[in-house]
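Read through the structure below, which is laid out as structure tokens, and then see the notes.
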Amino acid sequence: QKEVEQNSGPLSVPEGAIASLNCTYSDRGSQSFFWYRQYSGKSPELIMSIYSNGDKEDGRFTAQLNKASQYVSLLIRDSQPSDSATYLCAVTTSSASKIIFGSGTRLSIRP
Amino acid sequence: NAGVTQTPKFRILKIGQSMTLQCTQDMNHNYMYWYRQDPGMGLKLIYYSVGAGITDKGEVPNGYNVSRSTTEDFPLRLELAAPSQTSVYFCASSYSARAVGSNYGYTFGSGTRLTVV
């Protein structure tokens, strides 16, 4: 089992709709969870972090965490063409010395 | 702020050649990391450092070496380049991976695109 799993996509969402990205992780001791956005040919950019069960909202982005189910999600409301990118889920190890990345979900927003 | 600076941005190596990828950060971060990203794949951790003089292996350390003599610099050395090392290399830094409850994700450099032929 991979430590951090994501559906590779591509996930195609119409402009203005809600995009939902999901991630599961295997280490029950993980305490910090991140979503990064990566445009083609660019470096990853941190867009959300979450540490407690529940929802965390920042503008059009909402991160959701369920530690019992070992599940993290990212919702993007009012999706824009500029949201088209690969979204990487990242989780700290239980020792908290490093972050493990999923392989990413490619999101495409269609006009 | 410069953030994390990586050099060079592009490089073509011949099999068996050696090179050093440079990484410098000016944010006084203790933690630094080297990742590689193959086409269409996620990031694989090569080596990391929790402070000057301390380094440790990640998921894919074979064929690489690192050193951390200062807080700012974390160079990655390829001794005998192989085609399997063709990839994009990212350096990253953070205050602390243990910073639960605060927004301490990684800051990434712009990457080095390496091709071994």
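FYI, nothing fancy with the structure tokens labels: chains A, B, ... in order, residues from 1 per chain, ligands from 1 as they appear.
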
Who sits within 10 Å of B:Asp56, only C-alpha atoms, same chain under 5 positions skipped, as a VMD selection string: chain B and resid 33 46 to 50 61 66 to 67

Proximity check chain B to chain A, 12 Å, nearest pairs one decimal Å, only C-alpha atoms, as a tab-separated table:
residue	atom	partner	partner_atom	distance
B:Val4	CA	A:Ser43	CA	11.1
B:Thr5	CA	A:Ser43	CA	11.9
B:Gln6	CA	A:Ser43	CA	11.3
B:Lys9	CA	A:Lys42	CA	11.5
B:Asn30	CA	A:Ser97	CA	11.3
B:Tyr31	CA	A:Ser97	CA	8.6
B:Met32	CA	A:Lys98	CA	9.4
B:Tyr33	CA	A:Lys98	CA	8.4
B:Trp34	CA	A:Lys98	CA	10.9
B:Tyr35	CA	A:Phe101	CA	10.1
B:Arg36	CA	A:Ser43	CA	11.2
B:Gln37	CA	A:Ser103	CA	9.5
B:Asp38	CA	A:Ser103	CA	10.2
B:Pro39	CA	A:Gly41	CA	10.0
B:Gly40	CA	A:Ser103	CA	7.9
B:Met41	CA	A:Ser103	CA	5.2
B:Gly42	CA	A:Ser103	CA	3.6
B:Leu43	CA	A:Phe101	CA	5.9
B:Lys44	CA	A:Phe101	CA	7.5
B:Leu45	CA	A:Ile100	CA	7.7
B:Ile46	CA	A:Lys98	CA	11.3
B:Tyr47	CA	A:Lys98	CA	10.0
B:Tyr48	CA	A:Lys98	CA	7.9
B:Ser49	CA	A:Ser97	CA	9.1
B:Val50	CA	A:Ser97	CA	7.7
B:Gly51	CA	A:Ser97	CA	11.4
B:Thr55	CA	A:Ser97	CA	11.4
B:Asp56	CA	A:Ser97	CA	10.1
B:Lys57	CA	A:Lys98	CA	10.8
B:Gly58	CA	A:Lys98	CA	8.8
B:Glu59	CA	A:Ile100	CA	9.5
B:Ser87	CA	A:Gly41	CA	11.8
B:Val88	CA	A:Gly41	CA	9.2
B:Tyr89	CA	A:Ser43	CA	9.7
B:Phe90	CA	A:Ser43	CA	7.4
B:Cys91	CA	A:Ser43	CA	9.6
B:Ala92	CA	A:Pro44	CA	9.8
B:Ser93	CA	A:Lys98	CA	10.5
B:Ser94	CA	A:Lys98	CA	9.9
B:Tyr95	CA	A:Ser97	CA	11.2
B:Ser96	CA	A:Ser97	CA	7.9
B:Ala97	CA	A:Ser97	CA	5.4
B:Arg98	CA	A:Ala96	CA	5.0
B:Ala99	CA	A:Ser32	CA	8.2
B:Val100	CA	A:Ser32	CA	6.1
B:Gly101	CA	A:Tyr51	CA	5.9
B:Ser102	CA	A:Tyr51	CA	8.3
B:Asn103	CA	A:Ser49	CA	6.3
B:Tyr104	CA	A:Ser49	CA	8.3
B:Gly105	CA	A:Leu46	CA	6.7
B:Tyr106	CA	A:Leu46	CA	7.3
B:Thr107	CA	A:Glu45	CA	7.6
B:Phe108	CA	A:Ser43	CA	6.4
B:Gly109	CA	A:Ser43	CA	6.8
B:Ser110	CA	A:Ser43	CA	5.4
B:Gly111	CA	A:Ser43	CA	6.5
B:Thr112	CA	A:Ser43	CA	10.0
B:Arg113	CA	A:Gly41	CA	9.5

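Atom CA of A:Asp27 is found 18.3 Å from atom CA of A:Asn7.
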
Residues near A:Arg110, cut-off 9 Å, only C-alpha atoms, skip fewer than 2 positions along chain, as an MDAnalysis selection string: chainID A and resid 12:15 80:81 84 108

Those residues with all heavy atoms, as an mmCIF file, in the first residue's frame please?
data_model
loop_
_atom_site.group_PDB
_atom_site.id
_atom_site.type_symbol
_atom_site.label_atom_id
_atom_site.label_comp_id
_atom_site.auth_asym_id
_atom_site.auth_seq_id
_atom_site.Cartn_x
_atom_site.Cartn_y
_atom_site.Cartn_z
ATOM 1 N N SER A 12 -11.933 16.227 -14.932
ATOM 2 C CA SER A 12 -12.420 17.325 -15.756
ATOM 3 C C SER A 12 -13.672 17.912 -15.119
ATOM 4 O O SER A 12 -14.643 17.189 -14.862
ATOM 5 C CB SER A 12 -12.718 16.833 -17.178
ATOM 6 O OG SER A 12 -13.173 17.897 -17.987
ATOM 7 N N VAL A 13 -13.639 19.218 -14.869
ATOM 8 C CA VAL A 13 -14.734 19.905 -14.176
ATOM 9 C C VAL A 13 -15.120 21.144 -14.986
ATOM 10 O O VAL A 13 -14.240 21.869 -15.454
ATOM 11 C CB VAL A 13 -14.281 20.305 -12.754
ATOM 12 C CG1 VAL A 13 -15.316 21.170 -12.073
ATOM 13 C CG2 VAL A 13 -13.979 19.066 -11.923
ATOM 14 N N PRO A 14 -16.412 21.404 -15.166
ATOM 15 C CA PRO A 14 -16.783 22.619 -15.903
ATOM 16 C C PRO A 14 -16.491 23.871 -15.091
ATOM 17 O O PRO A 14 -16.545 23.857 -13.850
ATOM 18 C CB PRO A 14 -18.287 22.433 -16.134
ATOM 19 C CG PRO A 14 -18.734 21.477 -15.089
ATOM 20 C CD PRO A 14 -17.584 20.592 -14.789
ATOM 21 N N GLU A 15 -16.178 24.941 -15.790
ATOM 22 C CA GLU A 15 -15.913 26.225 -15.151
ATOM 23 C C GLU A 15 -17.098 26.638 -14.291
ATOM 24 O O GLU A 15 -18.261 26.521 -14.694
ATOM 25 C CB GLU A 15 -15.639 27.288 -16.216
ATOM 26 C CG GLU A 15 -15.213 28.627 -15.668
ATOM 27 C CD GLU A 15 -14.826 29.614 -16.765
ATOM 28 O OE1 GLU A 15 -14.773 29.200 -17.943
ATOM 29 O OE2 GLU A 15 -14.568 30.793 -16.443
ATOM 30 N N GLN A 80 -12.015 27.869 -11.816
ATOM 31 C CA GLN A 80 -11.580 28.754 -12.895
ATOM 32 C C GLN A 80 -10.563 28.017 -13.777
ATOM 33 O O GLN A 80 -9.862 27.114 -13.314
ATOM 34 C CB GLN A 80 -10.934 29.997 -12.315
ATOM 35 C CG GLN A 80 -11.824 30.790 -11.380
ATOM 36 C CD GLN A 80 -13.039 31.352 -12.095
ATOM 37 O OE1 GLN A 80 -12.915 31.965 -13.154
ATOM 38 N NE2 GLN A 80 -14.214 31.122 -11.533
ATOM 39 N N PRO A 81 -10.429 28.422 -15.034
ATOM 40 C CA PRO A 81 -9.409 27.792 -15.891
ATOM 41 C C PRO A 81 -8.019 27.833 -15.282
ATOM 42 O O PRO A 81 -7.219 26.915 -15.493
ATOM 43 C CB PRO A 81 -9.490 28.614 -17.184
ATOM 44 C CG PRO A 81 -10.904 29.097 -17.223
ATOM 45 C CD PRO A 81 -11.280 29.372 -15.789
ATOM 46 N N SER A 84 -6.579 24.829 -13.370
ATOM 47 C CA SER A 84 -6.095 23.636 -14.078
ATOM 48 C C SER A 84 -4.619 23.421 -13.741
ATOM 49 O O SER A 84 -3.769 24.262 -14.037
ATOM 50 C CB SER A 84 -6.268 23.794 -15.589
ATOM 51 O OG SER A 84 -7.631 23.892 -15.936
ATOM 52 N N SER A 108 -8.458 19.456 -14.703
ATOM 53 C CA SER A 108 -8.668 20.275 -15.901
ATOM 54 C C SER A 108 -10.021 20.954 -15.789
ATOM 55 O O SER A 108 -11.042 20.282 -15.604
ATOM 56 C CB SER A 108 -8.607 19.397 -17.150
ATOM 57 O OG SER A 108 -8.897 20.149 -18.310
#
